[in-house]
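Trainee: Please find entry_21.txt (compact mmCIF, C-alpha atoms) on the next line:
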```txt
# COMPACT_ATOMS: atom_id res chain seq x y z
CA MET U 15 0.00 0.00 0.00
CA THR U 16 1.43 3.38 -1.01
CA GLY U 17 1.68 6.40 1.21
CA ALA U 18 -0.98 8.27 -0.78
CA SER U 19 -3.52 5.44 -0.47
CA ARG U 20 -2.83 5.05 3.25
CA SER U 21 -3.34 8.79 3.78
CA ALA U 22 -6.58 8.73 1.81
CA SER U 23 -8.05 5.70 3.56
CA ALA U 24 -7.07 6.50 7.15
CA PRO U 25 -9.49 8.75 9.08
CA ARG U 26 -8.05 12.09 9.99
CA PRO U 27 -8.12 12.91 13.69
CA GLU U 28 -10.35 15.78 14.67
CA VAL U 29 -8.26 18.69 15.91
CA THR U 30 -10.03 20.89 18.42
CA ARG U 31 -9.93 24.61 17.92
CA PRO U 32 -8.11 26.61 20.56
CA GLU U 33 -10.48 28.54 22.80
CA TYR U 34 -10.77 32.30 22.46
CA LEU U 35 -8.48 34.06 24.88
CA PRO U 36 -7.87 37.84 24.88
CA ALA U 37 -4.43 39.32 25.37
CA HIS U 38 -5.08 40.11 29.04
CA PRO U 39 -7.90 37.72 30.05
CA HIS U 40 -7.99 38.40 33.80
CA LEU U 41 -7.78 42.16 33.38
CA LEU U 42 -10.55 42.22 30.79
CA ALA U 43 -12.74 39.95 32.93
CA LEU U 44 -12.24 42.28 35.90
CA GLY U 45 -13.31 45.23 33.75
CA ILE U 46 -16.44 43.43 32.56
CA VAL U 47 -17.59 42.35 36.02
CA SER U 48 -16.91 45.88 37.31
CA LEU U 49 -18.85 47.65 34.57
CA PHE U 50 -22.37 46.80 35.72
CA ILE U 51 -21.54 47.44 39.38
CA VAL U 52 -20.19 50.89 38.52
CA ILE U 53 -23.39 51.67 36.63
CA LEU U 54 -25.60 50.44 39.49
CA SER U 55 -23.51 52.45 41.98
CA PHE U 56 -23.97 55.82 40.29
CA PRO U 57 -26.07 57.13 43.26
CA MET U 58 -23.01 56.60 45.47
CA LEU U 59 -20.97 58.96 43.30
CA SER U 60 -23.48 61.73 43.95
CA GLY U 61 -23.27 61.27 47.72
CA GLN U 62 -26.37 59.12 48.15
CA TRP U 63 -26.68 55.96 50.21
CA LEU U 64 -26.84 52.68 48.33
CA ALA U 65 -28.84 50.90 51.03
CA SER U 66 -32.54 51.55 51.46
CA PRO U 67 -33.62 53.89 54.30
CA HIS U 68 -36.02 51.13 55.38
CA GLY U 69 -33.30 48.50 55.87
CA ASP U 70 -31.02 47.35 58.66
CA GLN U 71 -28.19 49.66 57.66
CA TYR U 72 -30.34 52.73 58.30
CA SER U 73 -32.19 51.55 61.41
CA SER U 74 -29.30 50.12 63.43
CA ALA U 75 -25.98 49.52 61.65
CA TYR U 76 -25.18 53.18 61.01
CA ALA U 77 -25.60 54.05 64.70
CA PHE U 78 -23.33 51.19 65.79
CA TYR U 79 -20.67 52.04 63.19
CA ALA U 80 -20.74 55.78 63.93
CA TRP U 81 -20.42 55.22 67.69
CA GLU U 82 -17.62 52.70 67.16
CA ALA U 83 -15.72 55.09 64.87
CA ALA U 84 -16.08 57.95 67.37
CA GLU U 85 -14.84 55.79 70.26
CA TRP U 86 -11.98 54.44 68.16
CA ARG U 87 -10.81 57.92 67.18
CA SER U 88 -11.05 59.27 70.72
CA THR U 89 -9.50 56.35 72.61
CA GLY U 90 -7.39 54.64 69.94
CA THR U 91 -8.92 51.22 70.69
CA LEU U 92 -12.02 49.31 69.74
CA PRO U 93 -14.81 49.60 72.33
CA LEU U 94 -15.53 46.42 74.26
CA TRP U 95 -18.66 47.63 76.06
CA ASN U 96 -21.60 49.68 74.83
CA PRO U 97 -23.15 51.72 77.65
CA MET U 98 -25.62 53.44 75.32
CA ILE U 99 -28.26 50.64 75.22
CA MET U 100 -30.29 49.79 78.35
CA GLY U 101 -27.84 49.18 81.20
CA GLY U 102 -25.04 48.40 78.76
CA LEU U 103 -24.09 45.29 76.82
CA PRO U 104 -20.98 43.81 75.19
CA PHE U 105 -20.04 45.50 71.94
CA LEU U 106 -17.09 43.67 70.41
CA ALA U 107 -18.40 40.22 71.37
CA VAL U 108 -21.84 40.70 69.77
CA VAL U 109 -21.86 39.66 66.13
CA THR U 110 -25.06 41.57 65.36
CA HIS U 111 -23.19 44.85 65.78
CA GLY U 112 -21.77 44.35 62.29
CA ASP U 113 -18.34 44.13 60.72
CA ILE U 114 -16.44 45.25 63.83
CA LEU U 115 -13.49 42.94 63.15
CA TYR U 116 -13.90 42.63 59.38
CA PRO U 117 -11.24 44.44 57.26
CA THR U 118 -13.72 47.04 56.00
CA ALA U 119 -14.01 48.36 59.57
CA LEU U 120 -10.47 49.76 59.25
CA LEU U 121 -11.70 52.27 56.67
CA ARG U 122 -13.90 53.94 59.29
CA ALA U 123 -10.78 55.20 61.04
CA PHE U 124 -10.25 57.85 58.35
CA LEU U 125 -13.38 57.90 56.13
CA PRO U 126 -16.98 58.92 56.89
CA VAL U 127 -19.15 56.03 58.04
CA HIS U 128 -21.69 56.27 55.19
CA VAL U 129 -18.87 56.29 52.60
CA VAL U 130 -17.35 53.14 54.08
CA MET U 131 -20.73 51.41 54.07
CA ASN U 132 -21.15 52.25 50.39
CA LEU U 133 -17.63 51.14 49.52
CA ALA U 134 -18.12 47.82 51.33
CA PHE U 135 -21.00 46.94 49.00
CA PHE U 136 -19.26 48.31 45.91
CA ILE U 137 -15.97 46.45 46.47
CA HIS U 138 -17.55 43.15 47.44
CA TYR U 139 -19.87 43.06 44.43
CA ILE U 140 -16.87 43.43 42.13
CA LEU U 141 -14.87 40.85 44.05
CA ALA U 142 -17.80 38.42 43.97
CA GLY U 143 -17.81 38.50 40.17
CA PHE U 144 -14.03 38.30 39.85
CA PHE U 145 -13.65 35.44 42.35
CA ALA U 146 -16.41 33.52 40.56
CA TYR U 147 -14.57 34.06 37.26
CA LEU U 148 -11.28 32.78 38.72
CA PHE U 149 -12.99 29.72 40.18
CA LEU U 150 -14.68 28.85 36.88
CA ARG U 151 -11.43 29.29 34.96
CA ARG U 152 -9.61 27.03 37.41
CA PHE U 153 -12.42 24.52 37.00
CA ALA U 154 -11.55 24.36 33.27
CA VAL U 155 -14.40 26.55 32.01
CA SER U 156 -13.45 28.52 28.90
CA TRP U 157 -12.96 32.28 29.10
CA THR U 158 -16.14 32.90 27.10
CA GLY U 159 -18.02 30.71 29.57
CA ALA U 160 -16.38 31.91 32.78
CA VAL U 161 -17.15 35.61 32.24
CA PRO U 162 -20.93 35.14 31.70
CA GLY U 163 -20.94 32.65 34.57
CA ALA U 164 -19.33 35.21 36.85
CA LEU U 165 -21.86 37.84 35.80
CA ALA U 166 -24.71 35.41 36.42
CA TYR U 167 -23.47 34.84 39.96
CA GLN U 168 -22.66 38.47 40.67
CA LEU U 169 -25.94 39.89 39.32
CA SER U 170 -28.27 37.09 40.40
CA GLY U 171 -31.45 38.16 42.12
CA ILE U 172 -30.46 37.06 45.60
CA MET U 173 -26.98 38.63 45.34
CA ILE U 174 -27.90 42.00 43.88
CA SER U 175 -30.80 42.39 46.32
CA TYR U 176 -28.53 42.36 49.39
CA VAL U 177 -27.83 46.07 49.05
CA GLN U 178 -31.48 47.12 49.38
CA PRO U 179 -32.01 45.92 52.98
CA GLY U 180 -28.33 46.50 53.77
CA HIS U 181 -27.38 42.86 54.32
CA ASP U 182 -23.64 43.39 54.06
CA GLY U 183 -22.78 40.27 56.06
CA LYS U 184 -24.55 37.99 53.59
CA LEU U 185 -22.78 39.74 50.73
CA PHE U 186 -19.37 39.31 52.39
CA VAL U 187 -19.83 35.55 52.77
CA SER U 188 -21.30 35.20 49.28
CA THR U 189 -18.26 37.01 47.92
CA LEU U 190 -15.89 34.66 49.74
CA LEU U 191 -17.72 31.50 48.60
CA PRO U 192 -16.09 31.26 45.14
CA LEU U 193 -12.73 32.15 46.69
CA THR U 194 -13.13 29.27 49.14
CA LEU U 195 -14.03 26.85 46.35
CA LEU U 196 -11.10 28.10 44.28
CA ALA U 197 -8.74 27.43 47.18
CA LEU U 198 -10.07 23.88 47.50
CA VAL U 199 -9.49 23.19 43.80
CA LEU U 200 -5.96 24.56 44.04
CA ALA U 201 -5.14 22.52 47.15
CA LEU U 202 -6.87 19.20 46.48
CA ARG U 203 -6.94 18.86 42.71
CA ASP U 204 -3.96 20.86 41.50
CA ARG U 205 -1.73 20.00 44.49
CA ARG U 206 -0.75 23.64 45.00
CA PHE U 207 0.45 24.29 48.54
CA TRP U 208 -0.69 27.91 48.54
CA GLY U 209 -4.28 26.74 48.18
CA TYR U 210 -4.33 25.86 51.89
CA PRO U 211 -3.38 29.31 53.26
CA LEU U 212 -5.80 30.84 50.75
CA LEU U 213 -8.52 28.58 52.13
CA ALA U 214 -7.63 29.63 55.68
CA VAL U 215 -7.84 33.32 54.75
CA ALA U 216 -11.23 32.90 53.03
CA VAL U 217 -12.79 30.94 55.91
CA GLY U 218 -11.21 33.24 58.50
CA LEU U 219 -12.74 36.30 56.86
CA CYS U 220 -16.11 34.56 56.82
CA LEU U 221 -15.84 33.95 60.56
CA LEU U 222 -15.08 37.65 61.07
CA SER U 223 -18.06 38.71 58.98
CA PRO U 224 -21.28 39.79 60.70
CA HIS U 225 -23.25 36.79 59.42
CA VAL U 226 -22.34 33.50 61.04
CA GLN U 227 -25.35 31.63 59.63
CA ALA U 228 -24.25 32.19 56.02
CA THR U 229 -20.78 30.98 57.02
CA TYR U 230 -22.32 27.66 58.11
CA TYR U 231 -23.79 27.19 54.62
CA LEU U 232 -20.46 28.11 53.02
CA LEU U 233 -18.66 25.47 55.10
CA ILE U 234 -21.23 22.84 54.10
CA ALA U 235 -20.76 23.65 50.41
CA ALA U 236 -16.96 23.64 50.83
CA GLY U 237 -17.09 20.28 52.59
CA LEU U 238 -19.16 18.73 49.79
CA LEU U 239 -16.73 20.01 47.15
CA ALA U 240 -13.78 18.74 49.18
CA LEU U 241 -15.36 15.26 49.30
CA TYR U 242 -15.94 15.33 45.56
CA LEU U 243 -12.40 16.45 44.77
CA THR U 244 -10.98 13.78 47.09
CA PHE U 245 -13.14 10.77 46.29
CA GLY U 246 -15.41 11.59 43.34
CA GLU U 247 -12.97 12.39 40.55
CA THR U 248 -11.19 9.91 38.32
CA ALA U 249 -7.42 9.90 37.94
CA ALA U 250 -7.66 11.77 34.63
CA GLU U 251 -9.82 14.46 36.21
CA ARG U 252 -7.36 14.89 39.05
CA LEU U 253 -4.68 15.72 36.50
CA GLY U 254 -6.75 18.75 35.66
CA PRO U 255 -9.11 19.06 32.68
CA ARG U 256 -6.98 21.72 31.05
CA ARG U 257 -3.83 19.65 31.14
CA GLU U 258 -5.73 16.58 29.90
CA ARG U 259 -7.26 18.56 27.04
CA ARG U 260 -3.88 20.04 26.14
CA ARG U 261 -2.39 16.54 26.10
CA MET U 262 -5.13 15.34 23.75
CA ASP U 263 -4.59 18.33 21.44
CA ASP U 264 -0.85 17.64 21.29
CA ARG U 265 -1.51 13.99 20.50
CA ALA U 266 -3.98 14.90 17.73
CA GLN U 267 -1.55 17.37 16.17
CA ALA U 268 1.23 14.77 16.26
CA MET U 269 -1.01 12.24 14.50
CA GLU U 270 -1.94 14.84 11.89
CA ARG U 271 1.72 15.58 11.15
CA ARG U 272 2.36 11.85 10.91
CA PHE U 273 -0.35 11.36 8.26
CA GLU U 274 0.73 14.42 6.30
CA ALA U 275 4.42 13.41 6.25
CA PRO U 276 5.60 11.95 2.87
CA MET U 277 5.95 8.16 2.92
```
Written as structure tokens, how would this file's structure read?

Mentor:
Amino acid sequence: MTGASRSASAPRPEVTRPEYLPAHPHLLALGIVSLFIVILSFPMLSGQWLASPHGDQYSSAYAFYAWEAAEWRSTGTLPLWNPMIMGGLPFLAVVTHGDILYPTALLRAFLPVHVVMNLAFFIHYILAGFFAYLFLRRFAVSWTGAVPGALAYQLSGIMISYVQPGHDGKLFVSTLLPLTLLALVLALRDRRFWGYPLLAVAVGLCLLSPHVQATYYLLIAAGLLALYLTFGETAAERLGPRRERRRMDDRAQAMERRFEAPM
């Protein structure tokens, strides 16, 4: 059998097209997930409050944050006791007082309280979309699939509605959920050591957030994913879908060159 007849009779392997990837994929994705949040936050730029005046931020959180900021600036320490309610009650130890130990509380040391409350929503909405994008990309979703997926998570009804009643604690935990799942994929599937400290940071921030109940649900979801990554995946999946797909593409291209080579 001649080389020409062998080439004509043998089936050609199907070569997959490379996925679309812009020059700066992460930067462009960050710009896309930020665009809608910037548009929705236009009232903040004119000095208005993003949260509704009928929500928790207006009725209680602002008073707690303003008193805490005043005490912090006057004494240089966080207040442990609140003598302003009834006969007094613990302040730092009560989770319902808000993000007292969460990183956003540091901004109240030098910015107005209402500005910090607005920025907390603004920053976490952007991070929620970007963390979801990073998780989907690490889970082998294409760039054109990860960006719409991140937008769907970021702008979903339950997520985008948190700002109206002022449920910042729920938003904080929802923002850290994709980061937690990303850390698990890095640690358990990709065998990256830095996935473990990233997981510790994400869970630690959730425990410092003013919504412990949502943290319980996050830990349940993280535990289920950890079980799947440990026991539910095949050996090929543990190698990582991207690396497996790249290996198949290289093999297909090698076979194509072999058939096209002169005999």

Trainee: Closest to Leu44 of chain U among U:Ile174, U:Ala166, U:Leu148, U:Ala107, using all atoms listed in the file?

Mentor: U:Leu148

Trainee: Would you mind reading off the distance between atom CA of Thr229 of chain U and atom CA of Val127 of chain U, one decimal, in Å?

Mentor: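 Between these atoms lies a distance of 25.1 Å.
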
Trainee: Name the closest residue to Ser48 of chain U among the candidates U:Phe207, U:Ile137, U:Leu239, U:Gly246; distances are taken between atoms, counting only C-alpha atoms.

Mentor: U:Ile137

Trainee: Which distance in Å separates atom CA of Phe78 of chain U and atom CA of His111 of chain U, to one decimal?

Mentor: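 Those two atoms sit 6.3 Å apart.
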
Trainee: Using atom CA of Asp70 of chain U and atom CA of Ala83 of chain U as the two end points, give the distance in Å to one decimal.

Mentor: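 About the pair atom CA of Asp70 of chain U and atom CA of Ala83 of chain U: they are 18.2 Å apart.
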
Trainee: Tell me which of U:Ile114, U:Val226, U:Ile140, U:Ala119 sits closest to Ser55 of chain U, counting only C-alpha atoms.

Mentor: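 Between U:Ile114, U:Val226, U:Ile140, U:Ala119, the residue approaching Ser55 of chain U most closely is U:Ile140.
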
Trainee: Which one is closest to Tyr210 of chain U: U:Leu195, U:Pro224, U:Ser60, U:Met173? Count only C-alpha atoms.

Mentor: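 Result for the nearest residue to Tyr210 of chain U: U:Leu195.
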
Trainee: Excluding segment 86-102 of chain U and any residue of its chain fewer than 4 positions from it, enumerate the residues within 10 Å of it, using only C-alpha atoms, and give them as a ChimeraX atom specification.

Mentor: /U:78,80-82,106-108,114-115,122-124

Trainee: Point out the residue among U:Leu103, U:Val161, U:Ala240, U:Val129 with the least atom-to-atom distance to Ile46 of chain U, counting only C-alpha atoms.

Mentor: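 Nearest candidate to Ile46 of chain U out of U:Leu103, U:Val161, U:Ala240, U:Val129: U:Val161.
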
Trainee: For Gly159 of chain U, work out the shell of residues within 10 Å, counting all atoms listed in the file and skipping chain neighbours fewer than 6 positions away, then give it as a ChimeraX atom specification.

Mentor: /U:147,150-151

Trainee: Of the residues U:Gly45, U:Pro67, U:Pro32, U:Pro57, which is the one nearest to Pro179 of chain U, using all atoms listed in the file?

Mentor: U:Pro67

Trainee: Take every atom of segment 92-98 of chain U listed in the file, pad by 5 Å on each side, and give me the axis-aligned box centre and edge lengths in Å, one decimal, as AutoDock Vina command-line options.

Mentor:
```
--center_x -18.8 --center_y 49.9 --center_z 73.7 --size_x 23.6 --size_y 17.0 --size_z 17.9
```
